[in-house]
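Source file: data-v7.cif; contents: mmCIF, C-alpha atoms and all ligand atoms.
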data_input
loop_
_atom_site.label_atom_id
_atom_site.label_comp_id
_atom_site.auth_asym_id
_atom_site.auth_seq_id
_atom_site.Cartn_x
_atom_site.Cartn_y
_atom_site.Cartn_z
CA MET A 1 1.00 -42.01 4.70
CA LYS A 2 -1.85 -44.54 4.66
CA VAL A 3 -3.80 -44.46 1.42
CA ILE A 4 -7.18 -45.69 0.15
CA LEU A 5 -7.34 -46.17 -3.62
CA PHE A 6 -10.45 -46.52 -5.78
CA GLY A 7 -10.26 -47.55 -9.45
CA ALA A 8 -7.00 -49.50 -9.10
CA THR A 9 -7.94 -51.90 -11.93
CA GLY A 10 -8.30 -49.02 -14.40
CA MET A 11 -5.61 -47.34 -16.45
CA VAL A 12 -5.23 -44.32 -14.19
CA GLY A 13 -5.57 -46.32 -10.97
CA GLN A 14 -2.94 -48.89 -12.00
CA GLY A 15 -0.45 -46.07 -12.46
CA VAL A 16 -1.31 -44.47 -9.12
CA LEU A 17 -1.11 -47.86 -7.36
CA ARG A 18 2.32 -48.48 -8.87
CA GLU A 19 3.64 -45.15 -7.58
CA CYS A 20 2.15 -45.78 -4.11
CA LEU A 21 3.84 -49.17 -3.92
CA VAL A 22 7.28 -47.81 -4.90
CA ASP A 23 7.10 -44.68 -2.70
CA PRO A 24 8.66 -45.40 0.72
CA GLY A 25 6.53 -42.61 2.25
CA VAL A 26 3.35 -44.57 1.50
CA THR A 27 3.20 -47.19 4.21
CA SER A 28 -0.02 -48.96 3.23
CA VAL A 29 -2.54 -48.99 0.41
CA LEU A 30 -6.11 -50.21 0.78
CA VAL A 31 -7.70 -50.85 -2.62
CA VAL A 32 -11.50 -50.86 -2.77
CA GLY A 33 -12.76 -52.37 -6.02
CA ARG A 34 -15.31 -54.61 -7.71
CA GLY A 35 -12.66 -57.24 -8.28
CA PRO A 36 -9.05 -57.97 -7.30
CA THR A 37 -6.11 -56.19 -8.92
CA GLY A 38 -4.15 -59.46 -9.10
CA GLN A 39 -1.14 -57.74 -7.51
CA GLN A 40 0.80 -58.98 -4.49
CA ASN A 41 2.69 -56.56 -2.26
CA ALA A 42 3.34 -56.35 1.46
CA LYS A 43 1.88 -52.80 1.55
CA LEU A 44 -1.28 -53.74 -0.36
CA ARG A 45 -4.64 -54.87 1.05
CA GLU A 46 -7.79 -55.19 -1.02
CA ILE A 47 -11.50 -55.14 -0.29
CA VAL A 48 -13.84 -56.44 -2.98
CA HIS A 49 -17.10 -54.52 -2.65
CA ASP A 50 -20.31 -54.76 -4.64
CA ASN A 51 -22.30 -51.59 -3.96
CA PHE A 52 -20.42 -48.39 -4.69
CA THR A 53 -23.22 -46.12 -3.47
CA ASP A 54 -23.37 -47.75 -0.02
CA PHE A 55 -20.22 -48.38 2.00
CA SER A 56 -21.91 -49.06 5.36
CA ARG A 57 -20.98 -52.78 5.27
CA ILE A 58 -17.23 -52.01 5.08
CA GLU A 59 -17.16 -48.72 7.03
CA SER A 60 -15.17 -50.14 9.93
CA GLU A 61 -12.33 -50.92 7.49
CA LEU A 62 -12.22 -47.43 5.99
CA THR A 63 -10.99 -45.51 9.05
CA GLY A 64 -7.49 -44.37 10.00
CA TYR A 65 -6.37 -43.24 6.52
CA ASP A 66 -4.48 -40.08 5.54
CA ALA A 67 -5.34 -39.87 1.86
CA CYS A 68 -7.77 -41.16 -0.73
CA PHE A 69 -6.81 -41.32 -4.41
CA PHE A 70 -10.10 -41.62 -6.27
CA CYS A 71 -9.35 -42.92 -9.79
CA LEU A 72 -12.69 -44.65 -10.39
CA GLY A 73 -14.43 -43.17 -13.41
CA VAL A 74 -15.95 -43.96 -16.76
CA SER A 75 -15.99 -42.55 -20.25
CA SER A 76 -19.27 -40.83 -21.18
CA VAL A 77 -19.10 -42.17 -24.75
CA GLY A 78 -22.43 -43.81 -25.63
CA MET A 79 -23.94 -43.08 -22.20
CA ASP A 80 -27.00 -40.99 -21.40
CA GLU A 81 -26.71 -38.24 -18.78
CA ALA A 82 -28.58 -40.12 -16.02
CA ARG A 83 -26.30 -43.15 -16.25
CA TYR A 84 -23.14 -41.05 -16.52
CA ARG A 85 -24.22 -38.92 -13.54
CA HIS A 86 -24.86 -42.05 -11.49
CA LEU A 87 -21.44 -43.55 -12.27
CA THR A 88 -19.60 -40.23 -11.90
CA TYR A 89 -21.42 -38.08 -9.33
CA ASP A 90 -23.39 -40.57 -7.19
CA ILE A 91 -20.57 -43.10 -6.73
CA THR A 92 -17.86 -40.50 -6.09
CA LEU A 93 -19.95 -38.49 -3.62
CA ALA A 94 -21.13 -41.64 -1.80
CA ALA A 95 -17.54 -42.76 -1.25
CA ALA A 96 -16.24 -39.27 -0.42
CA THR A 97 -19.09 -38.47 2.00
CA ALA A 98 -18.45 -41.69 3.94
CA LEU A 99 -14.68 -41.14 3.94
CA SER A 100 -14.92 -37.52 5.12
CA ARG A 101 -17.07 -38.64 8.06
CA LEU A 102 -14.77 -41.55 8.92
CA ASN A 103 -11.46 -39.69 8.36
CA PRO A 104 -11.74 -35.95 9.13
CA GLY A 105 -7.96 -35.55 8.68
CA MET A 106 -8.00 -37.08 5.20
CA VAL A 107 -6.80 -35.44 1.98
CA PHE A 108 -9.05 -36.46 -0.93
CA THR A 109 -7.77 -36.34 -4.51
CA TYR A 110 -10.12 -36.93 -7.42
CA VAL A 111 -9.05 -37.68 -10.99
CA THR A 112 -11.39 -35.70 -13.17
CA GLY A 113 -10.29 -34.44 -16.59
CA SER A 114 -9.11 -31.52 -18.67
CA GLY A 115 -12.03 -29.35 -19.85
CA THR A 116 -14.18 -30.00 -16.78
CA ASP A 117 -16.79 -27.26 -16.46
CA SER A 118 -16.89 -25.71 -12.99
CA THR A 119 -19.85 -23.48 -13.91
CA GLY A 120 -22.22 -26.38 -14.57
CA GLN A 121 -23.70 -24.36 -17.46
CA GLY A 122 -21.65 -25.59 -20.44
CA LYS A 123 -22.81 -27.59 -23.45
CA GLN A 124 -20.81 -30.75 -22.84
CA MET A 125 -22.68 -33.19 -20.63
CA TRP A 126 -19.61 -34.98 -19.25
CA ALA A 127 -17.90 -31.68 -18.38
CA ARG A 128 -20.97 -30.40 -16.48
CA VAL A 129 -21.32 -33.65 -14.51
CA LYS A 130 -17.63 -33.71 -13.63
CA GLY A 131 -17.80 -30.01 -12.69
CA LYS A 132 -20.72 -30.60 -10.30
CA THR A 133 -18.84 -33.59 -8.86
CA GLU A 134 -15.73 -31.46 -8.26
CA ASN A 135 -17.73 -28.59 -6.74
CA ASP A 136 -19.54 -30.83 -4.28
CA LEU A 137 -16.37 -32.73 -3.34
CA LEU A 138 -14.76 -29.40 -2.45
CA LYS A 139 -17.58 -28.72 0.06
CA LEU A 140 -16.97 -31.89 2.08
CA PRO A 141 -15.19 -31.58 5.45
CA PHE A 142 -11.87 -33.12 4.40
CA LYS A 143 -8.57 -31.70 5.62
CA ALA A 144 -8.19 -30.77 1.93
CA ALA A 145 -9.47 -31.89 -1.46
CA TYR A 146 -7.68 -31.62 -4.82
CA MET A 147 -9.13 -32.12 -8.28
CA PHE A 148 -6.60 -33.51 -10.77
CA ARG A 149 -7.52 -32.66 -14.36
CA PRO A 150 -5.13 -34.52 -16.65
CA ALA A 151 -5.52 -34.33 -20.43
CA GLY A 152 -3.72 -37.17 -22.26
CA ILE A 153 -1.94 -39.77 -20.12
CA GLN A 154 0.90 -41.93 -21.43
CA PRO A 155 0.84 -45.29 -19.60
CA LEU A 156 4.28 -46.37 -18.33
CA HIS A 157 5.68 -49.31 -16.33
CA GLY A 158 3.25 -51.93 -17.67
CA VAL A 159 0.08 -49.89 -17.03
CA ARG A 160 -2.52 -51.10 -19.53
CA SER A 161 -5.97 -50.19 -20.72
CA LYS A 162 -8.57 -52.96 -20.57
CA THR A 163 -9.24 -52.35 -24.26
CA GLY A 164 -6.80 -54.19 -26.51
CA TRP A 165 -6.82 -51.76 -29.42
CA VAL A 166 -6.22 -48.82 -27.07
CA ASN A 167 -3.06 -50.53 -25.81
CA ALA A 168 -1.95 -51.10 -29.40
CA ILE A 169 -2.34 -47.37 -30.08
CA TYR A 170 -0.30 -46.48 -26.98
CA VAL A 171 2.49 -48.82 -28.12
CA VAL A 172 2.59 -47.49 -31.70
CA THR A 173 2.44 -43.84 -30.60
CA ALA A 174 4.83 -44.16 -27.62
CA PRO A 175 7.64 -42.06 -29.19
CA LEU A 176 5.18 -39.30 -30.10
CA LEU A 177 3.57 -39.37 -26.64
CA SER A 178 6.98 -39.15 -24.94
CA TYR A 179 7.81 -36.17 -27.15
CA LEU A 180 4.50 -34.49 -26.25
CA VAL A 181 5.07 -35.07 -22.52
CA ARG A 182 8.33 -33.08 -22.88
CA THR A 183 7.11 -30.38 -25.27
CA ALA A 184 3.37 -29.99 -24.56
CA PRO A 185 2.80 -30.44 -20.81
CA LYS A 186 -0.62 -28.77 -21.18
CA TYR A 187 -1.84 -31.75 -23.16
CA MET A 188 0.07 -34.81 -22.01
CA THR A 189 1.39 -36.34 -18.80
CA THR A 190 2.45 -39.86 -17.82
CA SER A 191 0.91 -42.35 -15.41
CA GLU A 192 4.11 -42.03 -13.34
CA GLN A 193 3.97 -38.23 -13.16
CA LEU A 194 0.26 -38.27 -12.27
CA GLY A 195 0.73 -40.82 -9.47
CA ARG A 196 3.76 -39.03 -8.06
CA ALA A 197 1.99 -35.67 -8.15
CA MET A 198 -1.04 -37.07 -6.32
CA ILE A 199 1.18 -38.49 -3.57
CA LYS A 200 3.17 -35.26 -3.24
CA VAL A 201 0.08 -33.04 -3.11
CA ALA A 202 -1.60 -35.31 -0.54
CA ARG A 203 1.54 -35.17 1.58
CA ASP A 204 2.61 -31.53 1.22
CA GLY A 205 -0.52 -29.69 0.02
CA TYR A 206 -0.80 -27.40 -3.01
CA PRO A 207 -1.77 -23.74 -3.42
CA LYS A 208 -4.71 -24.52 -5.76
CA HIS A 209 -7.52 -27.05 -5.51
CA LEU A 210 -7.86 -27.57 -9.27
CA LEU A 211 -4.73 -28.95 -10.95
CA GLU A 212 -4.48 -28.94 -14.74
CA SER A 213 -2.06 -31.07 -16.79
CA GLU A 214 0.63 -28.37 -16.70
CA ASP A 215 0.40 -28.13 -12.89
CA ILE A 216 0.62 -31.93 -12.59
CA ASN A 217 3.75 -31.99 -14.76
CA ALA A 218 5.41 -29.18 -12.82
CA ILE A 219 5.08 -30.91 -9.42
N1 LIG B 301 -7.26 -42.60 -19.32
C1 LIG B 301 -7.05 -41.33 -19.60
O1 LIG B 301 -6.26 -40.99 -20.51
C2 LIG B 301 -7.71 -40.24 -18.78
C3 LIG B 301 -7.41 -38.91 -19.02
C4 LIG B 301 -8.02 -37.91 -18.26
C5 LIG B 301 -8.91 -38.25 -17.27
N2 LIG B 301 -9.22 -39.56 -17.05
C6 LIG B 301 -10.20 -39.86 -16.01
O2 LIG B 301 -9.66 -40.79 -15.08
C7 LIG B 301 -10.70 -41.64 -14.57
C8 LIG B 301 -10.29 -43.08 -14.74
O3 LIG B 301 -10.06 -43.34 -16.13
P1 LIG B 301 -9.39 -44.70 -16.63
O4 LIG B 301 -8.85 -44.42 -17.99
O5 LIG B 301 -8.50 -45.26 -15.60
O6 LIG B 301 -10.68 -45.64 -16.78
P2 LIG B 301 -10.72 -47.24 -16.86
O7 LIG B 301 -9.42 -47.78 -17.33
O8 LIG B 301 -11.95 -47.58 -17.62
O9 LIG B 301 -10.90 -47.68 -15.33
C9 LIG B 301 -12.07 -47.36 -14.63
C10 LIG B 301 -11.96 -47.79 -13.19
O10 LIG B 301 -13.20 -47.46 -12.53
C11 LIG B 301 -13.82 -48.66 -12.04
N3 LIG B 301 -15.26 -48.60 -12.23
C12 LIG B 301 -15.93 -48.24 -13.34
N4 LIG B 301 -17.26 -48.34 -13.13
C13 LIG B 301 -17.43 -48.78 -11.87
C14 LIG B 301 -18.57 -49.08 -11.07
N5 LIG B 301 -19.82 -48.95 -11.54
N6 LIG B 301 -18.39 -49.51 -9.80
C15 LIG B 301 -17.13 -49.65 -9.31
N7 LIG B 301 -16.00 -49.39 -10.02
C16 LIG B 301 -16.16 -48.96 -11.29
C17 LIG B 301 -13.22 -49.78 -12.89
O11 LIG B 301 -13.37 -50.99 -12.17
P3 LIG B 301 -13.57 -52.41 -12.92
O12 LIG B 301 -12.19 -52.89 -13.28
O13 LIG B 301 -14.25 -53.24 -11.91
O14 LIG B 301 -14.42 -52.13 -14.15
C18 LIG B 301 -11.77 -49.31 -13.02
O15 LIG B 301 -11.05 -49.58 -11.87
C19 LIG B 301 -11.97 -41.25 -15.34
O16 LIG B 301 -12.75 -40.40 -14.56
C20 LIG B 301 -11.45 -40.54 -16.56
O17 LIG B 301 -12.37 -39.58 -17.05
C21 LIG B 301 -8.65 -40.56 -17.77
#
Once you've parsed the file, please lay out its structure as structure tokens.
Amino acid sequence: MKVILFGATGMVGQGVLRECLVDPGVTSVLVVGRGPTGQQNAKLREIVHDNFTDFSRIESELTGYDACFFCLGVSSVGMDEARYRHLTYDITLAAATALSRLNPGMVFTYVTGSGTDSTGQGKQMWARVKGKTENDLLKLPFKAAYMFRPAGIQPLHGVRSKTGWVNAIYVVTAPLLSYLVRTAPKYMTTSEQLGRAMIKVARDGYPKHLLESEDINAI
């Protein structure tokens, strides 16, 4: 399977990249990002791109792929709706629209989040924007599209947040998080489980298009 990965410098994307690099069924990974991941691997190729609403300049390099793992995303904390919609909806749909045209046989998987509002009518701004993003991704002419909605994610295998104090919290709470992964799969998964589930679903399909934390942990 040939994979394109967005968001590989982020916490979720680092975990997904790690699983792609260790999975023998993933033969190549093309990372598209604003800056390099700093990783070296024979399966890995990177494109540094500057405009995430226009991929026309790099289109010729985005063809011939089987799956896209879209892990690019931001927290809505402190952001107004217009900015959050731009970074969530506009960027994701721009990339996905180009990829669906260039790779009609592609499986697209989007990392969204637990509590996403598919109705678009709810009170929480982030949940409405993510819901609209999911709904419109599901209309694109991919072979299939899957929306992964993790709740908490325990970073494993050296995956790190860019925020120092967040890493400190993950270190201090690691035993509790591991316990929750085992006992409360509705609320907690690991970066390893999420990455593996995305690869498996892209390869084998899944009966539902929306996958909650419990589904991700059961794969
Ligand atoms: N972390 C969690 O526990 C968790 C749980 C549930 C759902 N999620 C969802 O998973 C997604 C990723 O979260 P994360 O924790 O991995 O976030 P993160 O660590 O902040 O990483 C965000 C990624 O998106 C890229 N990005 C952000 N803004 C961009 C822009 N304007 N143009 C191009 N690239 C941009 C970043 O690239 P740069 O390195 O260039 O900034 C980075 O690769 C989000 O949608 C989030 O809601 C996360």
Contacts between ligand LIG 301 (chain B) and chain A, please, where a residue of chain A counts if it comes within 6 Å (with only C-alpha atoms and all ligand atoms); show its shortest atom pair and distance in Å to one decimal, rows by chain and ascending number, as a Markdown table.
| residue | atom | partner | partner_atom | distance |
| --- | --- | --- | --- | --- |
| A:Gly7 | CA | B:LIG301 | O15 | 3.3 |
| A:Ala8 | CA | B:LIG301 | O15 | 4.9 |
| A:Thr9 | CA | B:LIG301 | O15 | 3.9 |
| A:Gly10 | CA | B:LIG301 | O9 | 3.1 |
| A:Met11 | CA | B:LIG301 | O5 | 3.7 |
| A:Val12 | CA | B:LIG301 | O5 | 3.7 |
| A:Gly13 | CA | B:LIG301 | O5 | 5.6 |
| A:Gly33 | CA | B:LIG301 | N7 | 5.9 |
| A:Arg34 | CA | B:LIG301 | O13 | 4.5 |
| A:Gly35 | CA | B:LIG301 | O13 | 5.6 |
| A:Phe52 | CA | B:LIG301 | N6 | 5.6 |
| A:Cys71 | CA | B:LIG301 | C8 | 5.0 |
| A:Leu72 | CA | B:LIG301 | O10 | 3.6 |
| A:Gly73 | CA | B:LIG301 | O16 | 3.4 |
| A:Val74 | CA | B:LIG301 | C19 | 5.0 |
| A:Ser75 | CA | B:LIG301 | O17 | 5.7 |
| A:Leu87 | CA | B:LIG301 | N5 | 5.7 |
| A:Val111 | CA | B:LIG301 | O2 | 5.2 |
| A:Thr112 | CA | B:LIG301 | O16 | 5.1 |
| A:Gly113 | CA | B:LIG301 | C5 | 4.1 |
| A:Pro150 | CA | B:LIG301 | C4 | 4.7 |
| A:Ala151 | CA | B:LIG301 | C4 | 4.9 |
| A:Gly152 | CA | B:LIG301 | O1 | 4.9 |
| A:Ile153 | CA | B:LIG301 | O1 | 4.5 |
| A:Ser161 | CA | B:LIG301 | O7 | 5.4 |
Using C-alpha atoms, can you export the residues from the last selection as a tab-separated table (two decimals), in the frame of the given file?
chain	number	residue	atom	x	y	z
A	7	GLY	CA	-10.26	-47.55	-9.45
A	8	ALA	CA	-7.00	-49.50	-9.10
A	9	THR	CA	-7.94	-51.90	-11.93
A	10	GLY	CA	-8.30	-49.02	-14.40
A	11	MET	CA	-5.61	-47.34	-16.45
A	12	VAL	CA	-5.23	-44.32	-14.19
A	13	GLY	CA	-5.57	-46.32	-10.97
A	33	GLY	CA	-12.76	-52.37	-6.02
A	34	ARG	CA	-15.31	-54.61	-7.71
A	35	GLY	CA	-12.66	-57.24	-8.28
A	52	PHE	CA	-20.42	-48.39	-4.69
A	71	CYS	CA	-9.35	-42.92	-9.79
A	72	LEU	CA	-12.69	-44.65	-10.39
A	73	GLY	CA	-14.43	-43.17	-13.41
A	74	VAL	CA	-15.95	-43.96	-16.76
A	75	SER	CA	-15.99	-42.55	-20.25
A	87	LEU	CA	-21.44	-43.55	-12.27
A	111	VAL	CA	-9.05	-37.68	-10.99
A	112	THR	CA	-11.39	-35.70	-13.17
A	113	GLY	CA	-10.29	-34.44	-16.59
A	150	PRO	CA	-5.13	-34.52	-16.65
A	151	ALA	CA	-5.52	-34.33	-20.43
A	152	GLY	CA	-3.72	-37.17	-22.26
A	153	ILE	CA	-1.94	-39.77	-20.12
A	161	SER	CA	-5.97	-50.19	-20.72
Which residues, written as a list in words, have at least one atom at most 8 Å from A:Glu214, with all atoms listed in the file counted and residues fewer than 2 positions away on the same chain left out? Pro185, Lys186, Tyr187, Leu211, Glu212, Ile216, Asn217 and Ala218 of chain A
Calculate how many Å separate atom CA of A:Tyr65 from atom CA of A:Asn41, rounding to one decimal. 18.3 Å
Which residues come within 8 Å of A:Val16, counting all atoms listed in the file, excluding same-chain residues fewer than 3 positions away, as a ChimeraX atom specification? /A:8,12-13,19-20,69,191-192,194-196,198
When you count all atoms listed in the file, which of these residues is closest to A:Leu99: A:Gly115, A:Gly122, A:Gly131, A:Pro141?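 Closest to A:Leu99 of all the choices is A:Pro141.
Shortest atom-to-atom contact with A:His86 among A:Leu102, A:Leu44, A:Ile4, A:Val129: A:Val129, counting only C-alpha atoms.
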One decimal, Å: what's the distance from atom CA of A:Met106 over to atom CA of A:Ile91, could you say? 18.3 Å
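Between atom CA of A:Arg203 and atom CA of A:Ala94 the separation is 23.8 Å.
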Could you pull the residues within 9 Å of A:Gly158, counting all atoms listed in the file, minus those fewer than 2 positions along the same chain, as a tab-separated table (two decimals) with C-alpha atoms, keeping the file's coordinate frame?
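Final output, part_12.tsv:
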chain	number	residue	atom	x	y	z
A	14	GLN	CA	-2.94	-48.89	-12.00
A	15	GLY	CA	-0.45	-46.07	-12.46
A	155	PRO	CA	0.84	-45.29	-19.60
A	156	LEU	CA	4.28	-46.37	-18.33
A	160	ARG	CA	-2.52	-51.10	-19.53
For A:Asn103: contacts at 12 Å, all atoms listed in the file, fewer than 3 positions along chain excluded, given as number ranges by chain: A: 2-4, 59-68, 95-100, 106-108, 140-144
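Nearest-residue note for A:Asp90: choosing from A:Ile199, A:Val32, A:Leu5, A:Leu137, the minimum distance belongs to A:Leu137, counting only C-alpha atoms.
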Have stretch 191-201 of chain A completed to all heavy atoms, please, and pass it along as a tab-separated table (two decimals), keeping the file's coordinate frame.
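Okay, part29.tsv is ready:
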chain	number	residue	atom	x	y	z
A	191	SER	N	1.52	-41.72	-16.58
A	191	SER	CA	0.91	-42.35	-15.41
A	191	SER	C	1.83	-42.18	-14.20
A	191	SER	O	1.37	-42.02	-13.07
A	191	SER	CB	0.64	-43.83	-15.69
A	191	SER	OG	1.83	-44.50	-16.05
A	192	GLU	N	3.15	-42.19	-14.45
A	192	GLU	CA	4.11	-42.03	-13.34
A	192	GLU	C	4.02	-40.62	-12.76
A	192	GLU	O	3.94	-40.45	-11.53
A	192	GLU	CB	5.53	-42.29	-13.86
A	192	GLU	CG	6.59	-42.08	-12.81
A	192	GLU	CD	7.99	-42.24	-13.38
A	192	GLU	OE1	8.44	-43.38	-13.57
A	192	GLU	OE2	8.64	-41.22	-13.65
A	193	GLN	N	4.00	-39.62	-13.62
A	193	GLN	CA	3.97	-38.23	-13.16
A	193	GLN	C	2.66	-37.95	-12.40
A	193	GLN	O	2.66	-37.28	-11.36
A	193	GLN	CB	4.11	-37.29	-14.37
A	193	GLN	CG	4.17	-35.82	-14.01
A	193	GLN	CD	5.32	-35.47	-13.07
A	193	GLN	OE1	6.36	-36.13	-13.06
A	193	GLN	NE2	5.12	-34.46	-12.25
A	194	LEU	N	1.55	-38.48	-12.92
A	194	LEU	CA	0.26	-38.27	-12.27
A	194	LEU	C	0.25	-38.89	-10.87
A	194	LEU	O	-0.14	-38.25	-9.89
A	194	LEU	CB	-0.86	-38.86	-13.14
A	194	LEU	CG	-2.29	-38.77	-12.58
A	194	LEU	CD1	-2.70	-37.32	-12.34
A	194	LEU	CD2	-3.28	-39.45	-13.55
A	195	GLY	N	0.71	-40.14	-10.77
A	195	GLY	CA	0.73	-40.82	-9.47
A	195	GLY	C	1.63	-40.11	-8.48
A	195	GLY	O	1.26	-39.88	-7.32
A	196	ARG	N	2.82	-39.73	-8.96
A	196	ARG	CA	3.76	-39.03	-8.06
A	196	ARG	C	3.20	-37.70	-7.59
A	196	ARG	O	3.36	-37.31	-6.44
A	196	ARG	CB	5.09	-38.78	-8.79
A	196	ARG	CG	5.92	-40.02	-8.93
A	196	ARG	CD	7.27	-39.64	-9.49
A	196	ARG	NE	8.12	-40.80	-9.67
A	196	ARG	CZ	9.34	-40.76	-10.15
A	196	ARG	NH1	9.87	-39.62	-10.52
A	196	ARG	NH2	10.04	-41.86	-10.27
A	197	ALA	N	2.55	-36.98	-8.52
A	197	ALA	CA	1.99	-35.67	-8.15
A	197	ALA	C	0.87	-35.84	-7.12
A	197	ALA	O	0.77	-35.06	-6.17
A	197	ALA	CB	1.46	-34.97	-9.40
A	198	MET	N	0.05	-36.87	-7.29
A	198	MET	CA	-1.04	-37.07	-6.32
A	198	MET	C	-0.47	-37.36	-4.93
A	198	MET	O	-0.96	-36.84	-3.92
A	198	MET	CB	-1.96	-38.21	-6.79
A	198	MET	CG	-2.80	-37.78	-7.99
A	198	MET	SD	-3.77	-39.12	-8.72
A	198	MET	CE	-5.12	-39.24	-7.58
A	199	ILE	N	0.57	-38.17	-4.87
A	199	ILE	CA	1.18	-38.49	-3.57
A	199	ILE	C	1.78	-37.22	-2.95
A	199	ILE	O	1.59	-36.93	-1.77
A	199	ILE	CB	2.26	-39.58	-3.74
A	199	ILE	CG1	1.61	-40.91	-4.17
A	199	ILE	CG2	3.06	-39.76	-2.45
A	199	ILE	CD1	2.60	-41.97	-4.62
A	200	LYS	N	2.50	-36.45	-3.77
A	200	LYS	CA	3.17	-35.26	-3.24
A	200	LYS	C	2.15	-34.23	-2.74
A	200	LYS	O	2.32	-33.63	-1.66
A	200	LYS	CB	4.08	-34.64	-4.30
A	200	LYS	CG	4.94	-33.52	-3.77
A	200	LYS	CD	6.15	-33.26	-4.62
A	200	LYS	CE	7.19	-32.37	-3.95
A	200	LYS	NZ	6.69	-31.23	-3.23
A	201	VAL	N	1.09	-34.03	-3.50
A	201	VAL	CA	0.08	-33.04	-3.11
A	201	VAL	C	-0.65	-33.50	-1.84
A	201	VAL	O	-0.92	-32.70	-0.94
A	201	VAL	CB	-0.90	-32.78	-4.28
A	201	VAL	CG1	-2.13	-32.02	-3.82
A	201	VAL	CG2	-0.19	-32.02	-5.39
